Structure formats: structure tokens, C-alpha cells
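The structure file target14.txt is reproduced below (compact mmCIF, C-alpha atoms).
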# COMPACT_ATOMS: atom_id res chain seq x y z
CA MET Z 11 180.54 124.49 41.20
CA ARG Z 12 177.94 126.73 42.85
CA LYS Z 13 175.19 124.14 42.33
CA GLU Z 14 177.41 121.51 43.90
CA VAL Z 15 177.97 123.69 46.98
CA ILE Z 16 174.23 124.33 47.29
CA ARG Z 17 173.44 120.64 46.88
CA LYS Z 18 175.99 119.68 49.53
CA GLY Z 19 174.59 122.34 51.87
CA TYR Z 20 171.07 120.94 51.50
CA TYR Z 21 172.34 117.40 52.04
CA ASN Z 22 174.09 118.43 55.27
CA LEU Z 23 171.04 120.36 56.42
CA ILE Z 24 168.71 117.39 55.86
CA LEU Z 25 171.06 114.92 57.53
CA ASN Z 26 171.64 117.14 60.54
CA SER Z 27 167.94 117.99 60.83
CA ILE Z 28 167.24 114.27 61.13
CA TRP Z 29 169.76 113.97 63.96
CA VAL Z 30 168.38 117.04 65.70
CA GLY Z 31 164.83 115.71 65.35
CA ILE Z 32 165.73 112.34 66.87
CA LEU Z 33 167.71 113.77 69.78
CA ALA Z 34 165.21 116.55 70.53
CA THR Z 35 162.32 114.08 70.47
CA LEU Z 36 164.04 111.72 72.89
CA LEU Z 37 164.89 114.60 75.21
CA GLY Z 38 161.39 116.09 75.12
CA VAL Z 39 159.58 112.78 75.64
CA SER Z 40 161.85 111.64 78.46
CA LEU Z 41 161.66 114.98 80.30
CA LYS Z 42 157.88 115.20 79.92
CA ASN Z 43 157.17 111.65 81.07
CA SER Z 44 159.72 111.51 83.88
CA THR Z 45 158.56 114.86 85.27
CA ALA Z 46 154.89 113.85 85.10
CA PHE Z 47 155.58 110.49 86.76
CA PHE Z 48 157.59 111.85 89.68
CA GLU Z 49 155.35 114.89 90.15
CA GLU Z 50 152.25 112.68 90.39
CA SER Z 51 154.02 110.20 92.67
CA LEU Z 52 155.18 112.91 95.04
CA LEU Z 53 151.73 114.51 95.12
CA GLU Z 54 150.12 111.16 95.99
CA ASN Z 55 152.62 110.45 98.77
CA ILE Z 56 152.33 113.80 100.53
CA GLU Z 57 148.61 114.49 100.19
CA HIS Z 58 148.11 113.23 103.77
CA PHE Z 59 150.94 115.46 105.04
CA PRO Z 60 150.07 118.82 103.44
CA VAL Z 61 152.50 120.77 105.62
CA LEU Z 62 155.27 119.32 103.43
CA TYR Z 63 153.99 121.51 100.58
CA ILE Z 64 155.60 124.47 102.32
CA PHE Z 65 159.11 123.01 102.21
CA LEU Z 66 159.27 121.01 98.97
CA PRO Z 67 159.98 124.00 96.65
CA SER Z 68 162.88 124.99 98.95
CA ILE Z 69 164.34 121.50 98.65
CA GLY Z 70 164.08 121.51 94.86
CA ILE Z 71 165.47 125.00 94.30
CA THR Z 72 168.26 124.44 96.84
CA ILE Z 73 169.35 121.33 94.93
CA ILE Z 74 169.26 123.40 91.74
CA TYR Z 75 171.45 126.03 93.38
CA PHE Z 76 174.10 123.45 94.29
CA THR Z 77 173.97 121.73 90.89
CA ARG Z 78 174.55 125.09 89.22
CA LYS Z 79 177.36 125.96 91.60
CA TYR Z 80 179.27 122.69 91.56
CA LEU Z 81 178.11 120.60 88.60
CA PHE Z 82 177.83 123.46 86.10
CA LYS Z 83 180.56 125.69 87.62
CA GLY Z 84 178.30 128.55 88.59
CA LYS Z 85 176.95 129.12 85.07
CA GLN Z 86 173.44 130.53 85.06
CA ASN Z 87 170.50 129.59 82.84
CA LYS Z 88 168.81 132.57 81.21
CA GLY Z 89 165.89 130.90 79.47
CA ILE Z 90 164.79 131.72 75.94
CA LYS Z 91 166.94 134.86 76.04
CA GLU Z 92 169.89 132.49 75.45
CA ILE Z 93 168.41 131.44 72.11
CA PHE Z 94 167.83 135.04 71.03
CA ASN Z 95 171.43 135.91 71.90
CA THR Z 96 172.94 133.13 69.83
CA LEU Z 97 170.72 133.90 66.82
CA GLU Z 98 171.09 137.68 66.89
CA LYS Z 99 174.78 137.89 67.78
CA ARG Z 100 175.79 134.80 65.77
CA LYS Z 101 177.87 133.65 68.72
CA ASP Z 102 178.00 130.22 70.30
CA GLU Z 103 175.78 131.13 73.25
CA LEU Z 104 174.31 127.63 73.59
CA PRO Z 105 177.13 125.28 74.67
CA PHE Z 106 176.51 121.59 75.17
CA TYR Z 107 176.17 121.84 78.95
CA LYS Z 108 172.91 123.76 78.46
CA ILE Z 109 171.26 120.46 77.54
CA PRO Z 110 171.78 118.65 80.88
CA SER Z 111 171.57 121.92 82.83
CA HIS Z 112 168.06 122.83 81.64
CA TYR Z 113 166.95 119.19 81.67
CA ILE Z 114 167.98 118.58 85.28
CA ASN Z 115 166.93 121.98 86.63
CA GLY Z 116 163.57 121.97 84.85
CA PHE Z 117 162.87 118.50 86.21
CA LEU Z 118 163.80 119.45 89.78
CA THR Z 119 161.83 122.69 89.69
CA VAL Z 120 158.52 121.13 88.70
CA VAL Z 121 158.78 117.82 90.58
CA PHE Z 122 159.38 119.62 93.87
CA GLY Z 123 156.46 121.97 93.33
CA GLY Z 124 158.03 125.03 91.72
CA SER Z 125 154.99 126.68 90.16
CA THR Z 126 156.08 126.65 86.53
CA GLY Z 127 156.49 124.10 83.73
CA ILE Z 128 159.16 122.23 81.78
CA GLU Z 129 158.30 123.89 78.44
CA VAL Z 130 161.01 126.56 78.45
CA SER Z 131 163.56 124.08 79.84
CA THR Z 132 162.70 121.77 76.95
CA VAL Z 133 162.81 124.56 74.37
CA VAL Z 134 166.28 125.79 75.42
CA ALA Z 135 167.69 122.26 75.80
CA THR Z 136 166.46 121.21 72.35
CA ALA Z 137 167.73 124.48 70.88
CA ALA Z 138 171.11 123.63 72.42
CA ILE Z 139 170.94 120.25 70.67
CA GLY Z 140 170.51 122.06 67.35
CA SER Z 141 173.37 124.40 68.17
CA SER Z 142 175.65 121.53 69.22
CA VAL Z 143 174.96 119.56 66.04
CA TYR Z 144 175.61 122.69 63.99
CA LYS Z 145 178.99 123.27 65.64
CA LYS Z 146 180.04 119.63 65.59
CA ASP Z 147 179.41 119.00 61.91
CA LYS Z 148 180.34 122.49 60.70
CA VAL Z 149 177.16 123.07 58.76
CA ALA Z 150 177.20 126.25 56.71
CA ASN Z 151 176.78 129.29 58.96
CA ALA Z 152 173.53 130.19 57.20
CA TYR Z 153 171.92 127.05 58.62
CA LYS Z 154 172.53 127.77 62.30
CA THR Z 155 169.04 129.22 62.77
CA GLU Z 156 167.53 126.28 60.91
CA LEU Z 157 169.00 123.63 63.21
CA ILE Z 158 168.20 125.54 66.39
CA CYS Z 159 164.60 126.00 65.24
CA ALA Z 160 164.44 122.33 64.23
CA GLY Z 161 165.30 121.37 67.80
CA VAL Z 162 162.75 123.79 69.25
CA ALA Z 163 159.99 122.65 66.88
CA ALA Z 164 160.57 118.99 67.76
CA GLY Z 165 160.63 119.80 71.47
CA VAL Z 166 157.30 121.65 71.43
CA THR Z 167 155.78 118.92 69.27
CA THR Z 168 156.71 116.23 71.80
CA LEU Z 169 155.29 118.21 74.71
CA PHE Z 170 151.89 118.96 73.21
CA GLY Z 171 151.49 116.49 70.36
CA SER Z 172 151.05 119.31 67.86
CA PRO Z 173 153.49 119.51 64.94
CA ILE Z 174 151.83 122.68 63.64
CA ALA Z 175 152.27 124.37 67.03
CA GLY Z 176 155.90 123.27 67.08
CA LEU Z 177 156.51 124.77 63.65
CA LEU Z 178 154.64 127.97 64.44
CA PHE Z 179 156.42 128.50 67.76
CA ALA Z 180 159.78 128.19 66.01
CA ILE Z 181 158.65 130.78 63.47
CA GLU Z 182 156.56 133.18 65.58
CA VAL Z 183 158.74 133.31 68.68
CA ILE Z 184 162.24 132.04 67.87
CA SER Z 185 163.22 132.92 64.28
CA ARG Z 186 160.47 135.47 63.52
CA LYS Z 187 160.95 134.73 59.85
CA VAL Z 188 160.43 131.85 57.47
CA ASN Z 189 162.24 130.63 54.38
CA LYS Z 190 162.65 127.38 52.47
CA THR Z 191 165.54 126.00 54.50
CA LEU Z 192 163.95 126.88 57.83
CA PHE Z 193 160.70 125.21 56.81
CA LEU Z 194 162.59 122.15 55.53
CA SER Z 195 164.62 121.65 58.71
CA CYS Z 196 161.61 122.13 61.00
CA ALA Z 197 159.42 119.88 58.83
CA ILE Z 198 161.96 117.06 59.09
CA SER Z 199 162.35 117.35 62.86
CA ILE Z 200 158.62 117.60 63.63
CA ALA Z 201 157.90 114.67 61.30
CA ILE Z 202 160.25 112.57 63.42
CA ALA Z 203 158.70 113.87 66.65
CA GLN Z 204 155.14 113.31 65.46
CA THR Z 205 155.92 109.80 64.24
CA PHE Z 206 157.33 108.89 67.64
CA ILE Z 207 154.32 110.39 69.43
CA PHE Z 208 151.85 108.63 67.13
CA PHE Z 209 153.26 105.20 67.92
CA PHE Z 210 154.51 105.54 71.48
CA ASP Z 211 153.17 108.61 73.30
CA ASN Z 212 149.86 109.78 71.84
CA LYS Z 213 148.07 110.67 75.09
CA LYS Z 214 146.49 114.13 75.14
CA LEU Z 215 147.44 116.63 77.82
CA PHE Z 216 143.85 116.62 79.10
CA ASP Z 217 141.50 113.64 78.84
CA PHE Z 218 138.48 115.56 77.55
CA GLU Z 219 136.62 115.81 74.26
CA VAL Z 220 135.04 118.87 72.68
CA PHE Z 221 131.61 118.28 71.15
CA ASN Z 222 130.24 121.65 70.08
CA TRP Z 223 129.97 125.34 70.90
CA ASN Z 224 127.07 127.78 70.81
CA TYR Z 225 126.89 131.12 69.02
CA HIS Z 226 125.10 132.73 71.97
CA ALA Z 227 128.29 132.24 73.99
CA ILE Z 228 130.37 134.52 71.71
CA PRO Z 229 129.93 137.70 73.84
CA TYR Z 230 131.13 135.80 76.92
CA MET Z 231 134.06 134.39 74.92
CA ILE Z 232 135.05 137.92 73.90
CA LEU Z 233 134.85 139.04 77.54
CA LEU Z 234 137.05 136.10 78.53
CA SER Z 235 139.60 136.98 75.85
CA ILE Z 236 139.79 140.59 77.01
CA LEU Z 237 140.30 139.51 80.61
CA ALA Z 238 142.94 136.97 79.53
CA GLY Z 239 144.88 139.76 77.81
CA ILE Z 240 144.75 141.86 80.98
CA VAL Z 241 145.83 138.96 83.22
CA ALA Z 242 148.69 138.16 80.81
CA VAL Z 243 150.00 141.70 81.23
CA PHE Z 244 149.73 141.26 85.00
CA PHE Z 245 151.80 138.08 84.62
CA THR Z 246 154.44 139.84 82.52
CA LYS Z 247 154.71 142.70 84.99
CA SER Z 248 154.87 140.26 87.93
CA VAL Z 249 157.75 138.28 86.42
CA ILE Z 250 159.74 141.41 85.65
CA PHE Z 251 159.09 143.07 89.02
CA ILE Z 252 159.76 140.01 91.17
CA LYS Z 253 162.88 138.94 89.28
CA THR Z 254 164.24 142.48 89.50
CA LYS Z 255 163.67 142.61 93.25
CA PHE Z 256 165.13 139.15 93.83
CA ALA Z 257 168.20 140.02 91.77
CA GLN Z 258 168.93 142.74 94.33
CA ILE Z 259 169.13 140.22 97.18
CA LYS Z 260 172.82 139.54 97.66
CA SER Z 261 172.48 136.48 99.91
CA ASN Z 262 171.88 133.33 97.90
CA PHE Z 263 170.39 131.62 100.95
CA ILE Z 264 167.86 134.39 101.54
CA ARG Z 265 166.96 134.69 97.85
CA VAL Z 266 166.41 130.98 97.33
CA ASN Z 267 164.48 130.33 100.51
CA THR Z 268 162.39 133.50 100.53
CA GLY Z 269 160.98 132.77 97.09
CA ALA Z 270 160.67 129.02 97.61
CA LEU Z 271 158.97 129.29 101.01
CA LEU Z 272 156.47 131.82 99.69
CA VAL Z 273 155.67 129.44 96.84
CA GLY Z 274 155.37 126.58 99.32
CA LEU Z 275 153.00 128.59 101.50
CA GLY Z 276 150.84 129.32 98.45
CA ILE Z 277 150.77 125.62 97.57
CA PHE Z 278 149.81 124.75 101.16
CA ILE Z 279 146.76 127.03 100.87
CA PHE Z 280 145.95 126.16 97.24
CA PRO Z 281 147.45 122.76 96.23
CA ALA Z 282 146.41 123.53 92.64
CA LEU Z 283 149.52 125.76 92.45
CA TYR Z 284 151.85 122.75 92.78
CA GLY Z 285 154.27 122.29 89.88
CA ASP Z 286 152.91 122.90 86.41
CA SER Z 287 149.34 122.68 87.82
CA TYR Z 288 148.05 120.68 84.86
CA HIS Z 289 146.81 118.11 87.38
CA ALA Z 290 144.35 120.66 88.81
CA ILE Z 291 142.48 121.44 85.58
CA PRO Z 292 140.48 118.18 85.18
CA GLU Z 293 139.25 118.35 88.78
CA LEU Z 294 138.15 121.97 88.38
CA ILE Z 295 136.34 121.23 85.12
CA LEU Z 296 134.57 118.18 86.53
CA THR Z 297 133.60 119.75 89.86
CA PRO Z 298 130.27 121.16 88.54
CA ASN Z 299 129.22 117.61 87.60
CA TYR Z 300 129.53 116.29 91.14
CA GLN Z 301 128.57 119.08 93.53
CA THR Z 302 126.66 122.31 93.84
CA ILE Z 303 128.87 125.28 93.06
CA SER Z 304 129.37 127.57 96.03
CA ILE Z 305 130.41 131.21 96.12
CA GLY Z 306 133.49 130.11 98.04
CA PHE Z 307 134.56 127.77 95.25
CA ILE Z 308 134.12 130.50 92.63
CA ALA Z 309 136.08 132.93 94.81
CA SER Z 310 138.91 130.39 95.15
CA LEU Z 311 139.20 130.32 91.35
CA VAL Z 312 139.77 134.09 91.38
CA PHE Z 313 142.54 133.71 93.96
CA ILE Z 314 144.26 131.00 91.91
CA VAL Z 315 144.07 133.13 88.74
CA PHE Z 316 146.11 135.83 90.45
CA LEU Z 317 148.29 133.59 92.61
CA LYS Z 318 149.52 131.29 89.82
CA PRO Z 319 151.38 134.10 87.99
CA ILE Z 320 152.82 135.33 91.28
CA ALA Z 321 153.86 131.82 92.34
CA ALA Z 322 155.50 131.27 88.94
CA SER Z 323 157.32 134.61 89.23
CA LEU Z 324 158.54 133.74 92.74
CA THR Z 325 159.75 130.35 91.49
CA LEU Z 326 161.80 132.00 88.77
CA GLY Z 327 163.03 134.75 91.07
CA ALA Z 328 164.24 132.17 93.60
CA GLY Z 329 166.27 130.38 90.93
CA GLY Z 330 163.90 127.79 89.52
CA ASP Z 331 164.13 126.78 85.88
CA GLY Z 332 161.04 127.42 83.78
CA GLY Z 333 158.96 130.04 82.07
CA VAL Z 334 155.50 131.35 81.32
CA PHE Z 335 154.16 128.55 79.12
CA ALA Z 336 152.47 126.24 81.65
CA PRO Z 337 151.47 129.04 84.05
CA SER Z 338 149.79 130.90 81.17
CA ILE Z 339 147.87 127.84 79.99
CA VAL Z 340 146.74 126.96 83.51
CA THR Z 341 145.88 130.52 84.55
CA GLY Z 342 143.91 131.07 81.36
CA ALA Z 343 142.07 127.78 81.77
CA ILE Z 344 141.08 128.57 85.36
CA LEU Z 345 140.01 132.07 84.29
CA GLY Z 346 137.78 130.46 81.66
CA ILE Z 347 136.34 128.04 84.20
CA PHE Z 348 135.59 130.97 86.50
CA ILE Z 349 133.80 132.96 83.78
CA ALA Z 350 131.69 129.96 82.76
CA LEU Z 351 130.72 128.98 86.29
CA PHE Z 352 130.07 132.57 87.39
CA CYS Z 353 127.78 133.25 84.44
CA ASN Z 354 126.04 129.90 84.77
CA HIS Z 355 125.49 130.41 88.49
CA PHE Z 356 124.21 134.00 88.39
CA PHE Z 357 122.76 134.37 84.90
CA ASP Z 358 121.71 130.80 83.94
CA THR Z 359 123.71 131.00 80.73
CA GLU Z 360 124.52 127.25 80.38
CA LEU Z 361 128.03 127.93 79.10
CA ILE Z 362 130.17 124.84 78.44
CA VAL Z 363 132.91 124.87 81.08
CA LEU Z 364 135.43 122.86 79.03
CA ASN Z 365 135.11 125.20 76.06
CA PHE Z 366 135.77 128.24 78.19
CA ALA Z 367 138.74 126.58 79.87
CA LEU Z 368 140.31 125.95 76.45
CA ILE Z 369 139.55 129.43 75.12
CA GLY Z 370 141.00 130.96 78.26
CA ALA Z 371 144.15 128.83 77.99
CA ALA Z 372 144.69 129.77 74.33
CA ALA Z 373 143.95 133.46 74.86
CA MET Z 374 146.24 133.77 77.88
CA LEU Z 375 149.14 131.95 76.19
CA SER Z 376 148.73 134.07 73.05
CA ALA Z 377 148.79 137.28 75.09
CA ALA Z 378 151.72 136.17 77.24
CA ILE Z 379 154.09 135.21 74.41
CA HIS Z 380 152.54 137.25 71.54
CA ALA Z 381 152.14 134.12 69.43
CA PRO Z 382 148.45 133.68 68.56
CA LEU Z 383 148.84 130.95 65.94
CA THR Z 384 151.04 128.86 68.22
CA ALA Z 385 148.46 129.20 71.00
CA LEU Z 386 145.62 128.37 68.61
CA PHE Z 387 146.99 125.12 67.21
CA LEU Z 388 148.56 124.03 70.49
CA THR Z 389 145.21 124.32 72.29
CA CYS Z 390 143.38 122.47 69.53
CA ASN Z 391 145.67 119.49 70.19
CA ILE Z 392 145.57 119.20 73.98
CA VAL Z 393 142.09 117.59 73.99
CA ASP Z 394 140.23 115.28 71.64
CA ASN Z 395 138.35 117.02 68.81
CA GLY Z 396 139.82 120.37 69.85
CA PHE Z 397 139.53 121.73 66.32
CA ALA Z 398 135.76 121.92 66.83
CA LEU Z 399 136.58 125.11 68.74
CA PHE Z 400 138.78 126.53 65.99
CA ILE Z 401 136.68 129.65 65.31
CA PRO Z 402 136.18 130.80 68.93
CA LEU Z 403 139.82 129.99 69.68
CA LEU Z 404 140.91 132.01 66.66
CA ILE Z 405 138.87 134.99 67.84
CA GLY Z 406 140.13 134.63 71.39
CA VAL Z 407 143.86 134.43 70.68
CA TYR Z 408 143.87 137.59 68.55
CA ILE Z 409 141.68 139.65 70.88
CA ALA Z 410 143.86 138.69 73.85
CA LYS Z 411 147.10 139.39 72.03
CA TYR Z 412 146.10 142.88 70.90
CA ILE Z 413 144.62 143.76 74.29
CA ALA Z 414 147.96 142.78 75.84
CA ILE Z 415 149.96 144.76 73.28
CA PHE Z 416 147.70 147.78 73.79
CA LEU Z 417 148.37 147.68 77.53
CA CYS Z 418 152.04 146.64 77.35
CA ASN Z 419 154.08 146.51 74.14
CA TYR Z 420 156.52 143.85 75.37
CA ASN Z 421 156.42 140.41 76.94
CA VAL Z 422 158.89 138.48 79.09
CA TYR Z 423 160.81 137.41 75.98
CA THR Z 424 161.19 140.88 74.46
CA TYR Z 425 161.41 143.12 77.54
CA GLU Z 426 165.20 143.40 77.66
CA LYS Z 427 165.52 144.60 74.09
CA GLY Z 428 164.19 148.00 75.06
CA LYS Z 429 165.68 147.92 78.54
CA LYS Z 430 169.29 146.95 78.03
CA LYS Z 431 170.42 149.07 80.96
CA LEU Z 432 168.74 146.52 83.28
CA SER Z 433 170.57 143.28 83.94
CA ILE Z 434 167.60 141.08 84.82
CA GLN Z 435 167.50 137.77 83.00
CA LEU Z 436 164.04 136.58 82.11
CA LYS Z 437 163.13 132.92 81.69
Kindly transcribe the structure held in the file into C-alpha cells.
Amino acid sequence: MRKEVIRKGYYNLILNSIWVGILATLLGVSLKNSTAFFEESLLENIEHFPVLYIFLPSIGITIIYFTRKYLFKGKQNKGIKEIFNTLEKRKDELPFYKIPSHYINGFLTVVFGGSTGIEVSTVVATAAIGSSVYKKDKVANAYKTELICAGVAAGVTTLFGSPIAGLLFAIEVISRKVNKTLFLSCAISIAIAQTFIFFFDNKKLFDFEVFNWNYHAIPYMILLSILAGIVAVFFTKSVIFIKTKFAQIKSNFIRVNTGALLVGLGIFIFPALYGDSYHAIPELILTPNYQTISIGFIASLVFIVFLKPIAASLTLGAGGDGGVFAPSIVTGAILGIFIALFCNHFFDTELIVLNFALIGAAAMLSAAIHAPLTALFLTCNIVDNGFALFIPLLIGVYIAKYIAIFLCNYNVYTYEKGKKKLSIQLK
């Protein structure tokens, strides 16, 4: 009898993991491609009218405000914290409406210039798919975590084309444990996601190829990793501080427009801050190939490194839907570009700009979410032949993580656990 119950449980888990994988893959691919298409289209149409940059985030976040108020009956999105609540408290904290809510609001935030990304929106929406399938088919209570993680793993896989990163994110950040059933459910869902990507959506995030790296660059890579850990802490502190201050603003109109207009003003000065900012990285990497690097250009990189976390924090504080994923990757990449160009310009070091951009992206993401293996494998998959940088990336993600932990023992996902008296809700 017991073997029959176990066998039936595994059968239900496999069947439902397949459904979760299919649905999460379709959601992730559609959100990624539709957001990229409309973001690029809007950028192309307004590049001759840059003053519009100031107002677009206000339009997007205002629409989000009204969709939350009327379409979703005033229910707020709380980001990845929602997943932690449903796993830790074993309550149904991820109702079905979280799927369209995060999908629509994540899309609107990024397309209209909100300086964040769709990653967290995708993660929570796909987790809600897993939760909804679990509730609908009455899978054994022990498999709730498995199906939620299956959705998350498939979602991350579709965004970055990395099944290993999808699996590791589900383990490192969401479940923080691994067992046979968790591995089985995630393996099924990411196999479905990776199969779809292989045949229909196999374009890398950045159209670059890594060729090699030099041992003499290791000291500079270590310096970059240390700085990435420090900047990640600055990002964490910025999100917490700005969201706390914005939560104290009682007027919805003032809160939404203050944050959105400040973001718009930042985009007007530095268009690289628009949306997820992935579009800015290729241009910044290729710039040294086409023009002489000026001190002004190098200085602008420094400004963007500090403004991107602030712009992302303002977007979230104003009511945008998103998180720290894309801002961390972009900020780290620009920090890496700055280090490479600065050293090449003043010390004739001949550092490879692309390599440093990737190491910076991985190190910053690792430090921001305390998930070095996720950051490592994700970064290896966002360009062609990224695994050629495996060793320097491995060194970078761990140095950055432990520098960040040394300076600040929490991140935006774990802050509230030690600060329950505060009511801020982090994305």
C-alpha cells in the first residue's frame, strides 16, 4: 500500500511538472520577446524626441497603478517575498491572479523605461503557475515546493538560455535545499524550457563571443570583483532606503510621479538607464573599437554605475514591478567596462573589455542575490563560448559574494527576515 502511494505521488509530480514546464516556458518566452520588441520599438521612435524620456516612466507606472487598483482590486505585488511566504508558511500566498498581474506590470514597467528588468516578474509569475497547478490537481502537500521551483527554474531558463542557472537559482535562492523530488521536478521543467529555446529561441542575450583570457589580468579581475561586491551593497542599501521613504508618502499621485519623474530625468541625461538597459551594453563594449576613449566617456561610466541602482530603486519605490536581476547584471557589466578602459587608458594594460564586462556582471549579480553558482552559469550562457571564462568568473562570483556579506549580511530578498518590525515590501 505504501509503495502504491509513493508511486502515485511520483506519477502526479512528473505529470504536473510537465504542465508547469510547458506553461512557465510559454509565459517566460512571450514576456521576454514582447517586452524586448516593444522596448526597442519605443526607443527607436523617441530617439529624436529625447524630452519624452522624462515622462514615459510616469505613463507606465501610472497605468500600473490603475491596473492594480481596478483590474486586480488593489492587491499589491511583493516580488520574490511572495514566494518565500508561501513556502515558509505553507499557505496559498500565490493565487492565480499573480500570473497576469506580474506579467502585465513587469511588461509595462520595462517598456515605458522603468529602470529594472522582467526577471523577478517572470520568476514570481512562473512560481504562481507552479502553485496554481499544485492547488488545482491536489498534489501531495510535500510537493508544493517542487512545483513552485519547477516553474521558477523554467522561467529563468527561458530568460537566459541556461538550464543550469535555472536549476541553481531554484535551489540557491528559492528552496535553499535539494532532494530527489525537487531535482526531478526542476529537471523536467528545464528540459522542456531548454528544448523550446533550442528550436525556437536560441539567441544569446548579447551577440558577442569570448575567445580567451590572460593570466596577467587576474589582479585586475580581483579588484573588479571587490568593487562589484561593494557596489552590490550600495544597491541593496539604496533599494531598502528608497522603498522605505516612498512607503511613507501617503499620496499615491505624489509617490508615483516623484519616483517616475526622477527616473525619467535620469534617462534623459543617460539614455542607457532606459528599461532593463541591456541595449546599452553592446554599444559601450564596442565604443573603444570606433573612437578614441575620452576622460568624459570614462567618467560617464562611473555615473551610470551609481545611477542605475538608484534609478532601479526609484522605479520600485514608485510602484514599478521588477527587481535587482537586470540592474545588477548591467551595473556590473558597466563597472567591468570602466575598469578595463580605465586601466587600458592610463596603464596600457590591454585588458579585454568584453571579459571584464562579463566578470563584472557575474560578480555583481552574485553579490546582490548571494547566489554565486547561479551568477556563474547564467553569465557563461549570455554570450557565445562564455565557458572560456569559467575560472575567472568562478573567482569573481565568490570574491564579490563574500565581500558583500562581510559588509552587509543580508540582501533585498532576506532583509525582512531580521527586520520584521518594518513593513517595507522588497521586490
(message) Just checking: using all atoms listed in the file, which residue out of Z:Ala381, Z:Ile320, Z:Ile109, Z:Ile90 ends up closest to Ala34 of chain Z?
(response) Z:Ile109
(request) To one decimal in Å, tell me the separation between atom CA of Ile308 of chain Z and atom CA of Ile349 of chain Z. (result)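 The value is 9.2 Å.
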Spatial neighbours of segment 383-398 of chain Z, 9 Å, all atoms listed in the file, chain gap at least 3 places, as an mmCIF file with C-alpha atoms, keeping the file's coordinate frame:
data_model
loop_
_atom_site.group_PDB
_atom_site.id
_atom_site.type_symbol
_atom_site.label_atom_id
_atom_site.label_comp_id
_atom_site.auth_asym_id
_atom_site.auth_seq_id
_atom_site.Cartn_x
_atom_site.Cartn_y
_atom_site.Cartn_z
ATOM 1 C CA THR Z 167 155.780 118.920 69.270
ATOM 2 C CA PHE Z 170 151.890 118.960 73.210
ATOM 3 C CA GLY Z 171 151.490 116.490 70.360
ATOM 4 C CA SER Z 172 151.050 119.310 67.860
ATOM 5 C CA PRO Z 173 153.490 119.510 64.940
ATOM 6 C CA ILE Z 174 151.830 122.680 63.640
ATOM 7 C CA ALA Z 175 152.270 124.370 67.030
ATOM 8 C CA GLY Z 176 155.900 123.270 67.080
ATOM 9 C CA LEU Z 177 156.510 124.770 63.650
ATOM 10 C CA LEU Z 178 154.640 127.970 64.440
ATOM 11 C CA PHE Z 179 156.420 128.500 67.760
ATOM 12 C CA GLU Z 182 156.560 133.180 65.580
ATOM 13 C CA VAL Z 183 158.740 133.310 68.680
ATOM 14 C CA LYS Z 213 148.070 110.670 75.090
ATOM 15 C CA LYS Z 214 146.490 114.130 75.140
ATOM 16 C CA LEU Z 215 147.440 116.630 77.820
ATOM 17 C CA PHE Z 216 143.850 116.620 79.100
ATOM 18 C CA ASP Z 217 141.500 113.640 78.840
ATOM 19 C CA PHE Z 218 138.480 115.560 77.550
ATOM 20 C CA GLU Z 219 136.620 115.810 74.260
ATOM 21 C CA VAL Z 220 135.040 118.870 72.680
ATOM 22 C CA PHE Z 221 131.610 118.280 71.150
ATOM 23 C CA ASN Z 222 130.240 121.650 70.080
ATOM 24 C CA TRP Z 223 129.970 125.340 70.900
ATOM 25 C CA ILE Z 339 147.870 127.840 79.990
ATOM 26 C CA LEU Z 368 140.310 125.950 76.450
ATOM 27 C CA ILE Z 369 139.550 129.430 75.120
ATOM 28 C CA ALA Z 371 144.150 128.830 77.990
ATOM 29 C CA ALA Z 372 144.690 129.770 74.330
ATOM 30 C CA ALA Z 373 143.950 133.460 74.860
ATOM 31 C CA MET Z 374 146.240 133.770 77.880
ATOM 32 C CA LEU Z 375 149.140 131.950 76.190
ATOM 33 C CA SER Z 376 148.730 134.070 73.050
ATOM 34 C CA ILE Z 379 154.090 135.210 74.410
ATOM 35 C CA ILE Z 401 136.680 129.650 65.310
ATOM 36 C CA LEU Z 403 139.820 129.990 69.680
ATOM 37 C CA LEU Z 404 140.910 132.010 66.660
ATOM 38 C CA GLY Z 406 140.130 134.630 71.390
ATOM 39 C CA VAL Z 407 143.860 134.430 70.680
ATOM 40 C CA TYR Z 408 143.870 137.590 68.550
#
(request) For atom CA of Val61 of chain Z and atom CA of Ile73 of chain Z, determine how far apart the two atoms are, in Å to one decimal place. (result)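 Value for the atom CA of Val61 of chain Z-atom CA of Ile73 of chain Z distance: 20.0 Å.
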(request) Would you mind telling me which residue in Z:Phe335, Z:Phe366, Z:Tyr107, Z:Phe316 lies nearest to Gly84 of chain Z when using only C-alpha atoms? (result) Z:Tyr107
Tell me, counting all atoms listed in the file, for each residue of segment 51-100 of chain Z within 8 Å of segment 110-131 of chain Z, which pair of atoms is nearest and how far apart they are in Å to one decimal, in rows ordered by chain and increasing number, as a Markdown table.
| residue | atom | partner | partner_atom | distance |
| --- | --- | --- | --- | --- |
| Z:Leu52 | CA | Z:Val121 | CA | 7.5 |
| Z:Tyr63 | CA | Z:Gly123 | CA | 7.7 |
| Z:Leu66 | CA | Z:Phe122 | CA | 5.3 |
| Z:Pro67 | CA | Z:Phe122 | CA | 5.2 |
| Z:Ile69 | CA | Z:Phe122 | CA | 7.1 |
| Z:Gly70 | CA | Z:Phe122 | CA | 5.2 |
| Z:Ile71 | CA | Z:Thr119 | CA | 6.3 |
| Z:Ile73 | CA | Z:Leu118 | CA | 7.8 |
| Z:Ile74 | CA | Z:Asn115 | CA | 5.8 |
| Z:Arg78 | CA | Z:Ser111 | CA | 7.7 |
| Z:Phe82 | CA | Z:Ser111 | CA | 7.2 |
| Z:Asn87 | CA | Z:His112 | CA | 7.3 |
| Z:Gly89 | CA | Z:Val130 | CA | 6.6 |
| Z:Ile90 | CA | Z:Val130 | CA | 6.9 |
(request) Show which residues sit within 10 Å of Glu156 of chain Z, as a VMD selection string. Count only C-alpha atoms, and ignore same-chain residues fewer than 2 positions away. (result) chain Z and resid 23 27 140 to 141 144 151 to 154 158 to 162 180 185 188 to 196
(request) Tell me, in Å to one decimal, how far atom CA of Ile295 of chain Z is from atom CA of Asn55 of chain Z. (result)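 It comes out at 23.8 Å.
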(message) With distances taken over all atoms listed in the file, which residue among Z:Thr424, Z:Pro337, Z:Asp331, Z:Lys260 lies nearest Asn95 of chain Z?
(response)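 Of the candidates, the smallest distance to Asn95 of chain Z is held by Z:Thr424.
Minimum distance to Gly276 of chain Z across Z:Val340, Z:Ala227, Z:Ile314, Z:Ile184 (counting all atoms listed in the file) occurs at Z:Ile314.
The closest residue to Val133 of chain Z, picked from Z:Ala322, Z:Gly332, Z:Thr254, Z:Ile240 and counting all atoms listed in the file, is Z:Gly332.
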(request) Can you pull out every residue within 8 Å of Gly370 of chain Z, counting all atoms listed in the file, but drop anything in the same chain fewer than 5 positions away, and send it as a ChimeraX atom specification? (result) /Z:234-235,238,339,341-346,406
(request) Tell me which of Z:Ala367, Z:Ile202, Z:Leu169, Z:Ile93 sits closest to Leu41 of chain Z, counting only C-alpha atoms. (result)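 Counting only C-alpha atoms, the residue closest to Leu41 of chain Z is Z:Leu169.
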